[in-house]
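Reproduced below: entry-v4.txt, with compact mmCIF, C-alpha atoms.
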```txt
# COMPACT_ATOMS: atom_id res chain seq x y z
CA MET A 14 77.66 87.63 149.87
CA GLU A 15 78.11 89.01 153.37
CA ARG A 16 78.85 92.67 153.83
CA LYS A 17 82.38 91.93 154.95
CA CYS A 18 83.07 89.94 151.78
CA GLU A 19 82.84 93.22 149.87
CA HIS A 20 86.25 94.25 151.14
CA LEU A 21 88.09 91.49 149.31
CA LEU A 22 89.21 93.62 146.38
CA SER A 23 90.24 96.54 148.59
CA TYR A 24 92.15 94.05 150.71
CA MET A 25 94.01 92.76 147.68
CA ALA A 26 94.71 96.28 146.43
CA ASN A 27 95.93 97.23 149.90
CA THR A 28 93.69 100.25 150.20
CA LEU A 29 92.19 99.24 153.55
CA SER A 30 93.27 100.85 156.81
CA GLU A 31 95.37 98.69 159.10
CA ALA A 32 92.37 98.03 161.36
CA ASP A 33 90.06 97.07 158.48
CA LYS A 34 92.79 94.89 157.02
CA ASN A 35 93.10 92.93 160.27
CA LYS A 36 89.32 92.61 160.50
CA PHE A 37 89.12 91.31 156.96
CA GLU A 38 91.90 88.77 157.53
CA ALA A 39 90.01 87.48 160.57
CA HIS A 40 86.83 87.29 158.49
CA MET A 41 88.51 85.46 155.63
CA LYS A 42 89.66 82.68 157.95
CA ASN A 43 86.04 81.74 158.49
CA CYS A 44 84.60 82.57 155.09
CA ASP A 45 84.96 79.87 152.44
CA ALA A 46 83.51 82.08 149.72
CA CYS A 47 86.12 84.79 150.32
CA ARG A 48 88.97 82.31 150.47
CA LYS A 49 87.91 80.76 147.20
CA GLU A 50 87.45 84.12 145.50
CA TYR A 51 90.77 85.32 146.88
CA GLU A 52 92.53 82.30 145.47
CA GLU A 53 90.96 82.83 142.08
CA LEU A 54 91.66 86.55 141.92
CA SER A 55 95.16 86.45 143.35
CA LYS A 56 96.48 84.66 140.26
CA PRO A 57 95.58 87.36 137.74
CA TRP A 58 96.42 89.96 140.39
CA GLU A 59 99.94 88.59 140.76
CA ALA A 60 100.28 88.29 137.00
CA LEU A 61 99.62 92.04 136.82
CA GLN A 62 102.90 92.52 138.69
CA PHE A 63 104.65 91.79 135.41
CA ASP A 64 102.67 94.17 133.28
CA PHE A 65 105.60 96.54 132.71
CA LYS A 66 108.44 97.07 130.30
CA ASP A 67 112.05 96.44 131.26
CA GLN A 68 113.96 99.61 131.99
CA HIS A 69 117.63 100.43 132.08
CA VAL A 70 118.70 100.78 135.73
CA PRO A 71 120.68 104.00 136.43
CA GLU A 72 124.30 103.22 137.38
CA SER A 73 124.24 105.41 140.49
CA LEU A 74 121.13 103.81 141.94
CA LYS A 75 122.86 101.18 144.05
CA GLU A 76 124.91 103.77 145.88
CA ASP A 77 121.82 105.93 146.39
CA VAL A 78 119.84 103.02 147.78
CA PHE A 79 122.46 101.89 150.25
CA ASN A 80 123.38 105.39 151.39
CA PHE A 81 119.72 106.06 151.90
CA ILE A 82 119.14 102.95 153.99
CA PHE A 83 122.17 103.24 156.19
CA GLU A 84 121.83 106.97 156.74
CA ASP A 85 118.15 106.48 157.35
CA GLN A 86 118.91 103.92 160.03
CA GLU A 87 120.26 106.72 162.21
CA LYS A 88 117.14 108.78 161.65
CA GLU A 89 115.09 105.69 162.36
CA GLN A 90 116.74 105.37 165.75
CA LYS A 91 115.96 108.98 166.56
CA HIS A 92 112.39 108.26 165.54
CA THR A 93 112.25 105.37 167.93
CA ILE A 94 113.26 107.62 170.78
CA LYS A 95 110.56 110.07 169.75
CA ASP A 96 108.05 107.23 169.50
CA ARG A 97 109.02 105.99 172.92
CA LEU A 98 108.52 109.43 174.40
CA LYS A 99 105.17 109.61 172.66
CA ALA A 100 104.22 106.20 174.06
CA ARG A 101 105.21 107.40 177.54
CA GLY A 102 103.03 110.44 177.02
CA ILE A 103 100.07 108.27 176.10
CA GLN A 104 100.73 106.01 179.07
CA LEU A 105 100.85 109.05 181.33
CA LYS A 106 97.61 110.26 179.84
CA LYS A 107 95.98 106.95 180.69
CA GLN A 108 96.78 107.53 184.35
CA PHE A 109 94.33 110.42 184.53
CA THR A 110 90.55 110.33 184.53
CA PRO A 111 88.83 113.32 182.91
CA LEU A 112 88.19 114.73 186.39
CA THR A 113 91.78 114.47 187.61
CA SER A 114 93.19 115.80 184.35
CA GLY A 115 90.72 118.69 184.60
CA LEU A 116 91.95 119.44 188.10
CA VAL A 117 95.59 119.20 187.05
CA ILE A 118 94.99 121.58 184.14
CA LEU A 119 93.18 123.97 186.49
CA LEU A 120 96.10 123.85 188.93
CA PHE A 121 98.58 124.56 186.15
CA ALA A 122 96.44 127.43 184.93
CA VAL A 123 96.27 128.97 188.42
CA ALA A 124 100.02 128.52 188.88
CA ALA A 125 100.67 130.10 185.49
CA ILE A 126 98.46 133.11 186.28
CA LEU A 127 100.13 133.60 189.67
CA THR A 128 103.59 133.37 188.13
CA TYR A 129 102.61 135.85 185.45
CA VAL A 130 101.20 138.32 188.01
CA ASN A 131 104.34 137.90 190.07
CA ILE A 132 106.62 138.65 187.12
CA GLN A 133 104.54 141.63 186.07
CA SER A 134 104.66 143.25 189.50
CA GLY A 135 108.18 142.06 190.29
CA SER A 136 110.29 144.13 187.96
CA GLN A 137 109.67 146.34 185.01
CA GLN A 138 113.16 145.58 183.78
CA GLN A 139 112.26 142.11 182.65
CA ILE A 140 109.55 143.38 180.35
CA ALA A 141 112.07 145.37 178.38
CA SER A 142 114.59 142.54 178.29
CA SER A 143 114.26 142.19 174.56
CA GLN A 144 116.24 145.35 173.82
CA PRO A 145 119.47 144.58 171.97
CA ALA A 146 122.81 145.09 173.63
CA LYS A 147 124.82 148.13 172.55
CA ILE A 148 128.59 148.51 172.68
CA MET A 149 129.37 151.86 174.34
CA THR A 150 133.17 151.72 174.38
CA SER A 151 135.74 149.40 172.92
CA LEU A 152 139.43 149.46 173.87
CA HIS A 153 142.34 147.63 172.36
CA LEU A 154 144.58 146.15 175.02
CA THR A 155 148.27 145.78 174.27
CA SER A 156 151.15 144.07 176.00
CA ALA A 157 152.64 146.03 178.89
CA ASN A 158 155.46 143.62 179.50
CA SER A 159 158.43 143.03 177.19
CA GLN A 160 158.51 139.34 178.17
CA MET A 161 155.04 138.73 176.78
CA HIS A 162 154.81 140.76 173.62
CA ASP A 163 152.26 138.31 172.14
CA ALA A 164 149.69 139.30 174.74
CA ASP A 165 146.82 141.50 173.58
CA GLY A 166 143.07 141.74 173.76
CA TYR A 167 139.96 143.91 173.78
CA ALA A 168 137.74 145.46 176.42
CA TYR A 169 134.13 146.48 175.73
CA VAL A 170 131.56 148.34 177.76
CA VAL A 171 128.17 146.96 176.78
CA GLN A 172 124.83 148.52 177.65
CA GLN A 173 121.63 146.49 177.63
CA ASN A 174 118.50 148.01 179.15
CA ASN A 175 119.65 149.26 182.55
CA THR A 176 122.63 146.98 182.80
CA LYS A 177 126.14 148.10 181.98
CA LYS A 178 128.81 145.47 181.63
CA LEU A 179 132.51 145.35 181.05
CA ILE A 180 133.74 142.50 178.89
CA VAL A 181 137.45 141.78 178.68
CA GLN A 182 138.92 139.28 176.28
CA VAL A 183 142.67 138.59 176.14
CA ASN A 184 144.96 136.27 174.19
CA GLY A 185 148.55 135.14 174.42
CA LEU A 186 148.95 135.31 178.18
CA PRO A 187 151.43 132.95 179.87
CA LYS A 188 150.15 130.02 181.86
CA LEU A 189 149.45 130.64 185.55
CA GLU A 190 151.13 128.69 188.31
CA GLY A 191 149.98 127.80 191.82
CA THR A 192 147.74 130.45 193.35
CA GLU A 193 148.45 132.99 190.62
CA THR A 194 145.58 134.72 188.92
CA TYR A 195 144.95 137.48 186.38
CA GLN A 196 143.18 140.52 187.78
CA VAL A 197 141.49 143.39 185.95
CA TRP A 198 141.81 146.95 187.32
CA LEU A 199 139.93 150.06 186.32
CA LEU A 200 141.85 153.33 186.56
CA LYS A 201 139.83 156.43 187.43
CA ASP A 202 141.48 159.68 188.55
CA GLY A 203 144.62 157.85 189.58
CA LYS A 204 142.69 155.29 191.67
CA ARG A 205 142.63 151.58 190.92
CA LEU A 206 139.44 149.62 191.31
CA ASN A 207 139.20 145.85 191.28
CA ALA A 208 137.06 144.58 188.36
CA GLY A 209 137.48 140.86 188.99
CA ILE A 210 139.81 137.99 188.32
CA PHE A 211 140.00 135.40 185.58
CA ASN A 212 142.04 132.45 184.45
CA THR A 213 143.26 131.50 181.00
CA ASN A 214 142.88 128.33 178.99
CA GLU A 215 145.68 126.18 177.55
CA SER A 216 146.28 128.54 174.65
CA GLY A 217 146.52 131.58 176.91
CA SER A 218 143.10 133.11 176.22
CA GLY A 219 140.69 134.34 178.85
CA VAL A 220 137.41 136.23 179.19
CA LEU A 221 135.98 138.25 182.05
CA THR A 222 132.64 139.98 182.46
CA HIS A 223 132.06 142.54 185.19
CA THR A 224 128.88 144.46 185.92
CA LEU A 225 129.33 148.20 186.21
CA SER A 226 126.98 150.61 187.94
CA GLN A 227 125.30 153.18 185.64
CA GLU A 228 127.52 156.08 186.72
CA GLU A 229 130.68 154.02 186.86
CA ASP A 230 133.32 155.13 184.41
CA PHE A 231 137.06 154.65 183.96
CA ASP A 232 139.99 156.20 182.14
CA LYS A 233 142.14 153.18 181.60
CA ILE A 234 142.16 149.47 182.09
CA GLY A 235 144.99 147.26 183.23
CA ILE A 236 145.51 143.57 183.82
CA THR A 237 148.07 142.25 186.28
CA LYS A 238 149.31 138.84 187.18
CA GLU A 239 148.67 138.56 190.93
CA PRO A 240 150.44 136.06 193.17
CA LYS A 241 147.22 135.37 195.10
CA LEU A 242 143.46 135.90 194.94
CA ASP A 243 141.44 138.72 196.52
CA ASN A 244 143.89 141.56 196.23
CA THR A 245 142.33 144.98 196.68
CA GLN A 246 145.37 146.72 195.21
CA PRO A 247 147.72 145.32 192.57
CA GLU A 248 150.79 143.53 193.85
CA GLY A 249 151.99 141.77 190.71
CA LYS A 250 153.28 142.94 187.35
CA LYS A 251 151.05 144.59 184.79
CA VAL A 252 150.73 142.34 181.71
CA VAL A 253 148.40 144.19 179.34
CA GLY A 254 146.58 147.51 179.35
CA SER A 255 144.89 150.17 177.28
CA MET B 22 126.25 85.08 148.77
CA GLU B 23 125.64 84.13 145.12
CA ASP B 24 124.83 80.50 145.90
CA ARG B 25 122.29 81.35 148.60
CA THR B 26 118.58 80.91 147.88
CA ASP B 27 116.25 83.90 148.03
CA LEU B 28 114.77 82.55 151.26
CA GLU B 29 118.21 82.28 152.86
CA LEU B 30 119.03 85.79 151.73
CA ILE B 31 115.88 87.37 153.08
CA ASN B 32 116.36 85.58 156.41
CA LEU B 33 119.90 86.98 156.56
CA VAL B 34 118.51 90.43 155.79
CA LYS B 35 116.24 90.08 158.80
CA GLN B 36 119.36 89.50 160.87
CA LYS B 37 120.69 92.79 159.45
CA HIS B 38 123.21 91.19 157.14
CA ARG B 39 124.04 93.88 154.62
CA PRO B 40 125.75 91.70 151.97
CA ALA B 41 122.53 89.65 151.75
CA LEU B 42 120.56 92.78 150.94
CA GLU B 43 123.16 93.69 148.33
CA GLU B 44 122.76 90.27 146.73
CA ILE B 45 118.99 90.75 146.59
CA TYR B 46 119.66 94.11 144.98
CA THR B 47 121.87 92.50 142.35
CA ARG B 48 119.32 89.82 141.59
CA TYR B 49 116.17 91.93 141.49
CA ILE B 50 117.04 95.56 140.86
CA LYS B 51 116.06 95.43 137.20
CA LEU B 52 112.69 93.97 138.09
CA ILE B 53 112.01 96.37 140.97
CA TYR B 54 113.23 99.43 139.12
CA SER B 55 111.18 98.64 136.01
CA PHE B 56 108.16 97.98 138.21
CA ALA B 57 108.56 101.28 140.08
CA TYR B 58 109.18 103.06 136.79
CA LYS B 59 105.72 102.09 135.63
CA PHE B 60 104.22 103.58 138.82
CA SER B 61 106.23 106.75 138.26
CA HIS B 62 104.93 107.27 134.71
CA GLY B 63 108.41 107.66 133.38
CA ASN B 64 109.63 110.01 136.11
CA GLU B 65 113.09 108.61 136.83
CA GLU B 66 113.55 110.53 140.10
CA ASP B 67 110.29 109.22 141.51
CA ALA B 68 111.15 105.70 140.39
CA LYS B 69 114.53 105.91 142.14
CA GLU B 70 112.92 107.14 145.34
CA MET B 71 110.39 104.32 145.24
CA VAL B 72 113.24 101.83 144.82
CA GLN B 73 115.08 103.33 147.79
CA LEU B 74 111.96 103.09 149.93
CA THR B 75 111.35 99.52 148.80
CA PHE B 76 114.83 98.43 149.86
CA LEU B 77 114.46 100.32 153.12
CA LYS B 78 111.22 98.42 153.66
CA LEU B 79 112.99 95.10 152.95
CA TRP B 80 115.66 96.07 155.47
CA THR B 81 113.20 97.02 158.21
CA THR B 82 110.11 94.90 157.56
CA LYS B 83 108.83 92.63 160.27
CA SER B 84 106.84 90.46 157.86
CA SER B 85 108.75 87.52 156.48
CA TYR B 86 108.56 85.59 153.26
CA ASP B 87 106.74 82.27 153.55
CA PRO B 88 107.50 79.94 150.60
CA SER B 89 104.20 78.11 151.10
CA GLN B 90 102.34 81.34 150.26
CA GLY B 91 103.89 81.74 146.82
CA LYS B 92 106.99 82.70 144.91
CA PHE B 93 109.60 85.01 146.37
CA VAL B 94 109.31 87.37 143.43
CA ASN B 95 105.56 87.80 144.04
CA TRP B 96 106.21 88.58 147.70
CA LEU B 97 108.91 91.03 146.71
CA LEU B 98 106.71 92.85 144.22
CA THR B 99 103.81 92.93 146.68
CA ILE B 100 106.07 94.83 149.07
CA ALA B 101 107.28 97.05 146.25
CA ARG B 102 103.71 97.79 145.18
CA ASN B 103 102.67 98.79 148.71
CA VAL B 104 105.62 101.19 148.86
CA CYS B 105 104.89 102.61 145.40
CA ILE B 106 101.19 103.07 146.14
CA ASP B 107 101.99 104.85 149.43
CA TYR B 108 104.42 107.04 147.55
CA ILE B 109 102.06 108.11 144.80
CA ARG B 110 99.20 108.67 147.24
CA ARG B 111 101.40 110.84 149.42
CA LYS B 112 102.58 112.74 146.37
CA LYS B 113 99.03 113.27 145.19
CA LYS B 114 98.15 114.59 148.64
CA ASP B 115 101.18 116.92 148.70
CA GLU B 116 100.33 118.26 145.27
CA HIS B 117 96.80 118.75 146.45
CA THR B 118 97.80 120.72 149.56
CA SER B 119 100.34 122.81 147.66
CA HIS B 120 97.67 123.72 145.08
CA HIS B 121 99.46 122.16 142.14
CA TYR B 122 96.82 119.51 141.92
CA ASP B 123 95.45 119.02 138.48
CA THR B 124 91.73 119.08 139.01
CA ASP B 125 91.16 117.63 135.57
CA ARG B 126 90.57 114.06 136.46
CA THR B 127 90.50 112.96 132.86
CA LEU B 128 94.26 113.05 133.22
CA TYR B 129 93.98 109.70 134.96
CA LEU B 130 91.65 108.23 132.42
CA ALA B 131 93.99 107.92 129.48
CA ASP B 132 93.37 104.80 127.48
CA PRO B 133 96.08 102.34 128.46
CA LYS B 134 95.85 100.54 125.14
CA ASP B 135 98.41 102.82 123.49
CA HIS B 136 100.99 101.85 126.08
CA ILE B 137 100.58 98.23 125.25
CA GLU B 138 100.73 98.74 121.52
CA GLU B 139 103.92 100.74 121.88
CA SER B 140 105.66 97.78 123.37
CA PHE B 141 107.53 95.56 120.94
CA GLN B 142 108.24 92.90 123.52
CA GLN B 143 104.78 92.12 124.73
CA THR B 144 104.78 90.02 127.84
CA GLU B 145 102.26 87.28 128.38
CA ILE B 146 100.34 89.47 130.76
CA ALA B 147 100.27 92.31 128.26
CA LYS B 148 98.94 89.93 125.62
CA ALA B 149 96.26 88.58 127.95
CA LYS B 150 95.36 92.10 129.05
CA SER B 151 95.06 93.34 125.49
CA ARG B 152 92.21 90.88 125.04
CA LEU B 153 90.15 92.72 127.66
CA SER B 154 87.96 95.66 126.73
CA THR B 155 89.30 99.20 127.05
CA GLU B 156 86.96 99.80 129.97
CA GLN B 157 88.17 96.67 131.75
CA ARG B 158 91.83 97.57 131.25
CA LYS B 159 91.20 101.06 132.49
CA LEU B 160 89.56 99.84 135.71
CA ILE B 161 92.37 97.39 136.37
CA ASP B 162 95.02 100.06 135.79
CA LEU B 163 93.29 102.57 138.04
CA LEU B 164 93.22 100.01 140.82
CA TYR B 165 96.55 98.29 140.31
CA TRP B 166 98.90 100.94 138.92
CA ARG B 167 97.36 104.21 140.05
CA GLY B 168 96.51 103.20 143.60
CA PHE B 169 93.01 104.60 143.57
CA THR B 170 90.52 103.19 146.04
CA LEU B 171 87.29 101.63 144.77
CA MET B 172 85.41 104.67 146.07
CA GLU B 173 87.65 107.01 144.12
CA ILE B 174 87.24 104.98 140.95
CA ALA B 175 83.47 104.93 141.42
CA GLU B 176 83.51 108.72 141.78
CA MET B 177 85.66 109.20 138.68
CA GLU B 178 83.56 106.84 136.62
CA ASN B 179 80.36 108.26 138.06
CA THR B 180 79.20 104.69 138.69
CA PRO B 181 78.03 103.00 141.93
CA VAL B 182 80.91 101.43 143.84
CA GLY B 183 79.15 98.03 143.83
CA THR B 184 79.09 98.06 140.03
CA ILE B 185 82.76 98.97 139.85
CA LYS B 186 83.57 96.17 142.23
CA SER B 187 81.72 93.49 140.30
CA ARG B 188 83.18 94.73 136.99
CA LEU B 189 86.65 94.43 138.47
CA HIS B 190 85.97 90.94 139.80
CA GLN B 191 84.74 89.94 136.37
CA SER B 192 87.65 91.60 134.57
CA LEU B 193 90.20 89.86 136.75
CA LYS B 194 88.56 86.51 136.22
CA GLN B 195 88.50 87.05 132.50
CA LEU B 196 92.15 88.04 132.61
CA LYS B 197 92.86 84.81 134.41
CA ARG B 198 91.17 82.82 131.65
CA HIS B 199 93.14 84.64 128.96
CA LEU B 200 96.33 83.92 130.85
CA GLU B 201 95.51 80.24 131.15
CA ASN B 202 94.71 80.04 127.44
CA GLY B 203 98.00 81.70 126.69
CA GLY B 204 99.75 79.14 128.89
CA PHE B 205 100.88 81.73 131.39
CA ILE B 206 99.87 82.09 134.97
CA ASP B 207 102.58 81.77 137.59
CA GLY B 208 104.66 84.80 136.78
CA LYS B 209 107.30 85.80 134.31
CA GLU B 210 110.38 83.65 134.19
CA MET B 211 113.36 85.56 135.48
```
Before anything else, please render the file you have as structure tokens.
Amino acid sequence: MERKCEHLLSYMANTLSEADKNKFEAHMKNCDACRKEYEELSKPWEALQFDFKDQHVPESLKEDVFNFIFEDQEKEQKHTIKDRLKARGIQLKKQFTPLTSGLVILLFAVAAILTYVNIQSGSQQQIASSQPAKIMTSLHLTSANSQMHDADGYAYVVQQNNTKKLIVQVNGLPKLEGTETYQVWLLKDGKRLNAGIFNTNESGSGVLTHTLSQEEDFDKIGITKEPKLDNTQPEGKKVVGS
Amino acid sequence: MEDRTDLELINLVKQKHRPALEEIYTRYIKLIYSFAYKFSHGNEEDAKEMVQLTFLKLWTTKSSYDPSQGKFVNWLLTIARNVCIDYIRRKKKDEHTSHHYDTDRTLYLADPKDHIEESFQQTEIAKAKSRLSTEQRKLIDLLYWRGFTLMEIAEMENTPVGTIKSRLHQSLKQLKRHLENGGFIDGKEM
């Protein structure tokens, strides 16, 4: 008996690795002894397939099986994409000799270190960027126009690290026409300051964010419908306000 | 679908024809479920999962059934066995890594004779098998139904792997003779 012939039983029991299985199949083609033994053993082996007792099949099994297969098909497709990417990765890997891949890794490492140094020295703010945002003020905005009593909204002043932001969110505003736009104004000591413009969606809702300087403060907030963009002082009617 | 042969059905399955797979299910579910049930040691959930995986395998397999190599039912159960063995090996591994592994290996060494005697409807194979020695039946069960490798069996039995191998060869040949004497060899009639 050759050494390879020893694998016959493991081959039948399917406990060989894929590579060993292929090797054994190739061997068996040229080995009369193995073929003969295989033929003899495969009969009792196949008879063993029936060494069980009949069981009652659960009613729900068919549904389980078919749901499983046809849901799994979708997953299978995702797998294929993953496999393809993996194959690409391997292909890419083959393009590099150990020397070139070493150099590429070195280059990446140098680039990473330089980037890191750059970020470190660039701004201290970024280091602390993980601080949570805090709402400093919140204002309820109500309709300031009898023709649009559905309009309302909220304004928040949010502080995160050294950044202060105004966030305005409104609902129920009428649709804009032509060059019209909604504009937010901050009222401080009787003066109006432009805090930006925004548009609304189909259902009349809109959001605006505006960065405030640290000292910047305001008494009231108002939103107007302006006939054109870039107004420094309000021209149109006030629609909502605090 | 009902008048199609198994070969026609499986070829349709390869072309992703779902009703053909459903017909195979109708024809063979009792067989496949009962087969998987034996691998699961009476755990219905495991048996159901093995059946699901077997049908998934039938749906996706690239290997095709060749009538010159044997009966369709043997091909079908060979696929089912591969799936079941993979399943129980994976489960054993999972249990091992999650520390629920029963280190008492004698658990796997239960005498299979009781199982056979419990059965009122002894099949031909069960009859032929009952004529083997306890030791022979145990080795066959460890290899066929428990999915252990020859190395694992040798370790459990504390016997050289070469000895295990030749005992199994002998046991299978003896089983074949008992089957022939009992007038049974080519598989249970469906």
re atom CA of A:Ser23 and atom CA of B:Arg111: distance 18.2 Å
Compute the chain B side of the contact with chain A at 8 Å, counting all atoms listed in the file, and hand it back as an MDAnalysis selection string.
chainID B and resid 46 50:52 54:56 58:59 69 72:73 76:77 80 95 98 103 140 142 144 146:147 164:165 168:171 186 190 193:194 196:197 200 206:209
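Shortest atom-to-atom contact with B:Asp107 among B:Ser89, B:Thr47, B:Ala57, B:Glu29: B:Ala57, counting only C-alpha atoms.
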Residue nearest B:Thr155 among B:Ser187, B:Ser192, B:Asp24, B:Ile53 (counting all atoms listed in the file):
B:Ser192
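Between atom CA of A:Gly203 and atom CA of A:Val183 there is a distance of 23.6 Å.
Here atom CA of A:Ser255 is placed at a distance of 26.6 Å from atom CA of A:Pro145.
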List the spatial neighbours of B:Ile31 as a PyMOL selection string - criterion: any atom at most 9 Å away, only C-alpha atoms, same-chain residues fewer than 4 positions off excluded.
chain B and resi 26-27+35-36+41-42+45+79+85-86
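The set of protein, DNA and RNA residues with any counted atom at most 12 Å from (158.6, 140.4, 178.0) (all atoms listed in the file) reads Ser156, Ala157, Asn158, Ser159, Gln160, Met161, His162, Asp163, Ala164, Gly185, Leu186, Pro187, Lys250, Lys251, Val252 and Val253 of chain A.
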Let me have the centre and edge lengths in Å, one decimal, of the box along x, y and z around every listed atom of stretch 23-36 of chain A with 8 Å of margin on each side, as lines of an AutoDock Vina configuration file.
```
center_x = 92.6
center_y = 96.7
center_z = 153.9
size_x = 22.6
size_y = 24.2
size_z = 30.9
```
Surrounding residues of A:Gln196 excluding itself and chain neighbours under 5 positions, 7 Å, all atoms listed in the file, as a list in words
Gly209, Ile210, Phe211, Ile236, Thr237, Lys238 and Glu239 of chain A
Taking all atoms listed in the file into account, name the residue in A:Thr192, A:Asn35, A:Thr113, A:Asn175 that is nearest to A:Thr224.
A:Asn175
